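For reference, the structure is listed below as structure tokens.
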Amino acid sequence: MRCYIDPMGVRIIGISGGSGSGKTTIVQRISQIIPDFICIAQDSYYKSAEFVDNENITAFNFDHPSAFDTDLIVEQLRALKRGDTIQVPVYDFVHHRRSAETLAVTPGNLVIFEGIMVFVDPRVRELLDLKLYVDTPDDIRFIRRLKRDISERGRTVESVITQYLDVVRPGHLEFVEPTKTYADLIIPEGGSNEKALQVLTSFMQGIR
């Protein structure tokens, strides 16, 4: 299905940063400026890894670019740019697999695509009209991740720590942190940086 799109076209904002950096807070701030937008998480495009559990959590590296179905990401972002409805995968983070169900998403004039490795693939970067990187200290990000994974994903403290030390931290340093150079705006401290958010607000008001 194709919907009406402003003559300026569908604009896609990419928001990246390490796990627990505060990307969701930035999305919430944008929602205060432009309430009508679509937000898609890169996490929805993880490949299935049903064999993973708390005991062998590092058997599948969720912090490597190959963990994502990037070809599908590119295909669907291009479709959104054309104003087409897409079927976004639904990922089950408790059982580490993609659900048989999908979520129909019809674009408006603004789409937000957020995730830890949004800027890694050049095909994705070229589809983004604005690139934001949320830069938050490692200790704060780890604490947020620990609380989330235990409360929302059925994880144990030991498995979260093991995964963080073995793959999350190395993956962040190798793949996520370097993509900061592609950002149009770096937001230190996430949603706590009022000055950076004022700059973002000014930009967003221009495309309302």
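Ordering of the structure tokens sets the chain letters (A, B, ...), residue numbers begin anew at 1 in every chain, and ligands are numbered from 1 in the order given.
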Polymer residues at most 12 Å from Asn193 of chain A, only C-alpha atoms, same-chain spacing of 3 or more positions, as a list in words |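 My reading of the contact set: Gly22, Thr25, Ile26, Arg29, Val134, Asp135, Thr136, Ile186, Ile187, Pro188, Glu189, Gly190, Ala196, Leu197, Gln198, Val199 and Leu200 of chain A.
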Find the residues near Gly115 of chain A: any atom within 7 Å, counting only C-alpha atoms, skip ones fewer than 6 places away on the same chain, and give them as a count of residues only.
-> 5
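One distance worth recording is that between atom CA of Glu55 of chain A and atom CA of Ser159 of chain A, which is 7.1 Å.
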What are the DSSP strand (DSSP E) residues of segment 49-98 of chain A, as an MDAnalysis selection string?
-> chainID A and resid 86:92 97:98
For N, CA and C atoms, I'd like the residues from the last selection saved as a PDB file, in the first residue's frame.
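Result file follows (part_13.pdb):
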```
ATOM      1  N   ILE A  86       5.464  -1.488   4.735  1.00  0.00           N
ATOM      2  CA  ILE A  86       6.376  -2.622   4.891  1.00  0.00           C
ATOM      3  C   ILE A  86       5.874  -3.523   6.017  1.00  0.00           C
ATOM      4  N   GLN A  87       6.408  -4.747   6.065  1.00  0.00           N
ATOM      5  CA  GLN A  87       6.104  -5.698   7.131  1.00  0.00           C
ATOM      6  C   GLN A  87       7.357  -5.871   7.989  1.00  0.00           C
ATOM      7  N   VAL A  88       7.391  -5.180   9.111  1.00  0.00           N
ATOM      8  CA  VAL A  88       8.562  -5.206   9.989  1.00  0.00           C
ATOM      9  C   VAL A  88       8.563  -6.498  10.812  1.00  0.00           C
ATOM     10  N   PRO A  89       9.693  -7.185  10.890  1.00  0.00           N
ATOM     11  CA  PRO A  89       9.756  -8.406  11.697  1.00  0.00           C
ATOM     12  C   PRO A  89       9.466  -8.111  13.172  1.00  0.00           C
ATOM     13  N   VAL A  90       8.977  -9.109  13.873  1.00  0.00           N
ATOM     14  CA  VAL A  90       8.766  -9.023  15.319  1.00  0.00           C
ATOM     15  C   VAL A  90       9.713 -10.020  15.973  1.00  0.00           C
ATOM     16  N   TYR A  91      10.605  -9.509  16.846  1.00  0.00           N
ATOM     17  CA  TYR A  91      11.627 -10.382  17.432  1.00  0.00           C
ATOM     18  C   TYR A  91      11.288 -10.715  18.878  1.00  0.00           C
ATOM     19  N   ASP A  92      11.415 -12.000  19.225  1.00  0.00           N
ATOM     20  CA  ASP A  92      11.171 -12.494  20.571  1.00  0.00           C
ATOM     21  C   ASP A  92      12.518 -12.572  21.296  1.00  0.00           C
ATOM     22  N   ARG A  97      14.401 -15.385  18.841  1.00  0.00           N
ATOM     23  CA  ARG A  97      14.005 -15.800  17.500  1.00  0.00           C
ATOM     24  C   ARG A  97      13.009 -14.804  16.914  1.00  0.00           C
ATOM     25  N   ARG A  98      12.959 -14.801  15.592  1.00  0.00           N
ATOM     26  CA  ARG A  98      12.005 -13.953  14.891  1.00  0.00           C
ATOM     27  C   ARG A  98      10.643 -14.633  14.879  1.00  0.00           C
TER      28      ARG A  98
END
```
Find the residues around Asp184 of chain A up to 10 Å (only C-alpha atoms counted), leave out those fewer than 4 positions away in its own chain, and share them as a ChimeraX atom specification.
-> /A:14,129-133,180
Residues from last step as file, C-alpha atoms, as a short mmCIF file (atom, residue, chain, number, x, y, z; two decimals), in the first residue's frame:
```
data_model
loop_
_atom_site.label_atom_id
_atom_site.label_comp_id
_atom_site.auth_asym_id
_atom_site.auth_seq_id
_atom_site.Cartn_x
_atom_site.Cartn_y
_atom_site.Cartn_z
CA GLY A 14 18.97 7.46 12.13
CA ASP A 129 18.60 12.30 6.10
CA LEU A 130 19.97 13.00 9.58
CA LYS A 131 22.30 10.87 11.68
CA LEU A 132 22.36 11.23 15.48
CA TYR A 133 24.83 9.43 17.74
CA LYS A 180 30.39 8.13 15.57
#
```
Nearest to Val74 of chain A among A:Ser48, A:Ser99, A:Asn61, A:Glu126, with distances taken over only C-alpha atoms: which residue is it?
->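 Among the listed residues, A:Glu126 lies closest to Val74 of chain A.
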Quick one: DSSP alpha helix (DSSP H) residues in segment 12-106 of chain A, as a PyMOL selection string?
-> chain A and resi 23-33+70-81
Output C-alpha atoms of each residue in that selection to a file, as a PDB file, in the first residue's frame.
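Contents of result02.pdb, freshly written:
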```pdb
ATOM      1  CA  LYS A  23      18.390   6.414  22.243  1.00  0.00           C
ATOM      2  CA  THR A  24      14.823   5.927  23.465  1.00  0.00           C
ATOM      3  CA  THR A  25      15.019   9.187  25.418  1.00  0.00           C
ATOM      4  CA  ILE A  26      15.954  11.034  22.245  1.00  0.00           C
ATOM      5  CA  VAL A  27      12.994   9.456  20.445  1.00  0.00           C
ATOM      6  CA  GLN A  28      10.752  10.618  23.282  1.00  0.00           C
ATOM      7  CA  ARG A  29      12.091  14.148  22.924  1.00  0.00           C
ATOM      8  CA  ILE A  30      11.377  14.099  19.198  1.00  0.00           C
ATOM      9  CA  SER A  31       7.827  12.958  19.979  1.00  0.00           C
ATOM     10  CA  GLN A  32       7.318  16.160  21.949  1.00  0.00           C
ATOM     11  CA  ILE A  33       8.129  18.171  18.833  1.00  0.00           C
ATOM     12  CA  THR A  70      20.774  -5.896   6.820  1.00  0.00           C
ATOM     13  CA  ASP A  71      19.610  -6.758   3.316  1.00  0.00           C
ATOM     14  CA  LEU A  72      16.031  -6.676   4.584  1.00  0.00           C
ATOM     15  CA  ILE A  73      16.703  -3.414   6.420  1.00  0.00           C
ATOM     16  CA  VAL A  74      17.916  -1.775   3.224  1.00  0.00           C
ATOM     17  CA  GLU A  75      15.015  -3.172   1.217  1.00  0.00           C
ATOM     18  CA  GLN A  76      12.433  -1.914   3.700  1.00  0.00           C
ATOM     19  CA  LEU A  77      13.984   1.522   4.234  1.00  0.00           C
ATOM     20  CA  ARG A  78      13.976   2.026   0.472  1.00  0.00           C
ATOM     21  CA  ALA A  79      10.319   1.002   0.388  1.00  0.00           C
ATOM     22  CA  LEU A  80       9.511   3.526   3.108  1.00  0.00           C
ATOM     23  CA  LYS A  81      11.263   6.216   1.083  1.00  0.00           C
TER      24      LYS A  81
END
```
What separation in Å, quoted to one decimal, exists between atom CA of Val118 of chain A and atom CA of Ala104 of chain A?
->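 Rounded to one decimal, the two atoms are 20.8 Å apart.
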Nearest to Ser66 of chain A, restricted to only C-alpha atoms and choosing among A:Pro170, A:Gly20, A:Glu158, A:Lys47, comes out as A:Lys47
Selection near Asp149 of chain A, 10 Å with only C-alpha atoms, sequence-local residues under 4 positions removed, as a ChimeraX atom specification | /A:93-94,144-145,153-157,159-160
Go ahead and write the selection's residues with N, CA and C atoms as a short mmCIF file (atom, residue, chain, number, x, y, z; two decimals), in the first residue's frame.
```
data_model
loop_
_atom_site.label_atom_id
_atom_site.label_comp_id
_atom_site.auth_asym_id
_atom_site.auth_seq_id
_atom_site.Cartn_x
_atom_site.Cartn_y
_atom_site.Cartn_z
N PHE A 93 12.76 -11.61 22.20
CA PHE A 93 14.06 -11.54 22.86
C PHE A 93 14.20 -12.52 24.02
N VAL A 94 13.12 -13.11 24.45
CA VAL A 94 13.21 -14.13 25.49
C VAL A 94 13.69 -15.44 24.89
N ARG A 144 22.19 0.29 32.77
CA ARG A 144 20.88 0.31 32.12
C ARG A 144 20.60 -1.01 31.43
N ARG A 145 21.61 -1.56 30.76
CA ARG A 145 21.43 -2.84 30.06
C ARG A 145 21.15 -3.96 31.04
N ARG A 153 13.86 -9.44 29.78
CA ARG A 153 14.28 -10.52 28.88
C ARG A 153 14.63 -11.82 29.58
N GLY A 154 14.29 -11.93 30.85
CA GLY A 154 14.46 -13.19 31.56
C GLY A 154 15.90 -13.61 31.76
N ARG A 155 16.81 -12.66 31.81
CA ARG A 155 18.24 -12.97 31.92
C ARG A 155 18.68 -13.01 33.37
N THR A 156 19.79 -13.69 33.63
CA THR A 156 20.40 -13.69 34.95
C THR A 156 21.52 -12.65 34.98
N VAL A 157 21.88 -12.21 36.18
CA VAL A 157 22.96 -11.23 36.32
C VAL A 157 24.25 -11.78 35.72
N SER A 159 24.70 -14.04 33.36
CA SER A 159 24.70 -14.13 31.90
C SER A 159 24.85 -12.75 31.26
N VAL A 160 24.27 -11.72 31.88
CA VAL A 160 24.41 -10.36 31.34
C VAL A 160 25.85 -9.90 31.43
#
```
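Take atom CA of Gly108 of chain A and atom CA of Gly17 of chain A: the distance between them is 24.5 Å.
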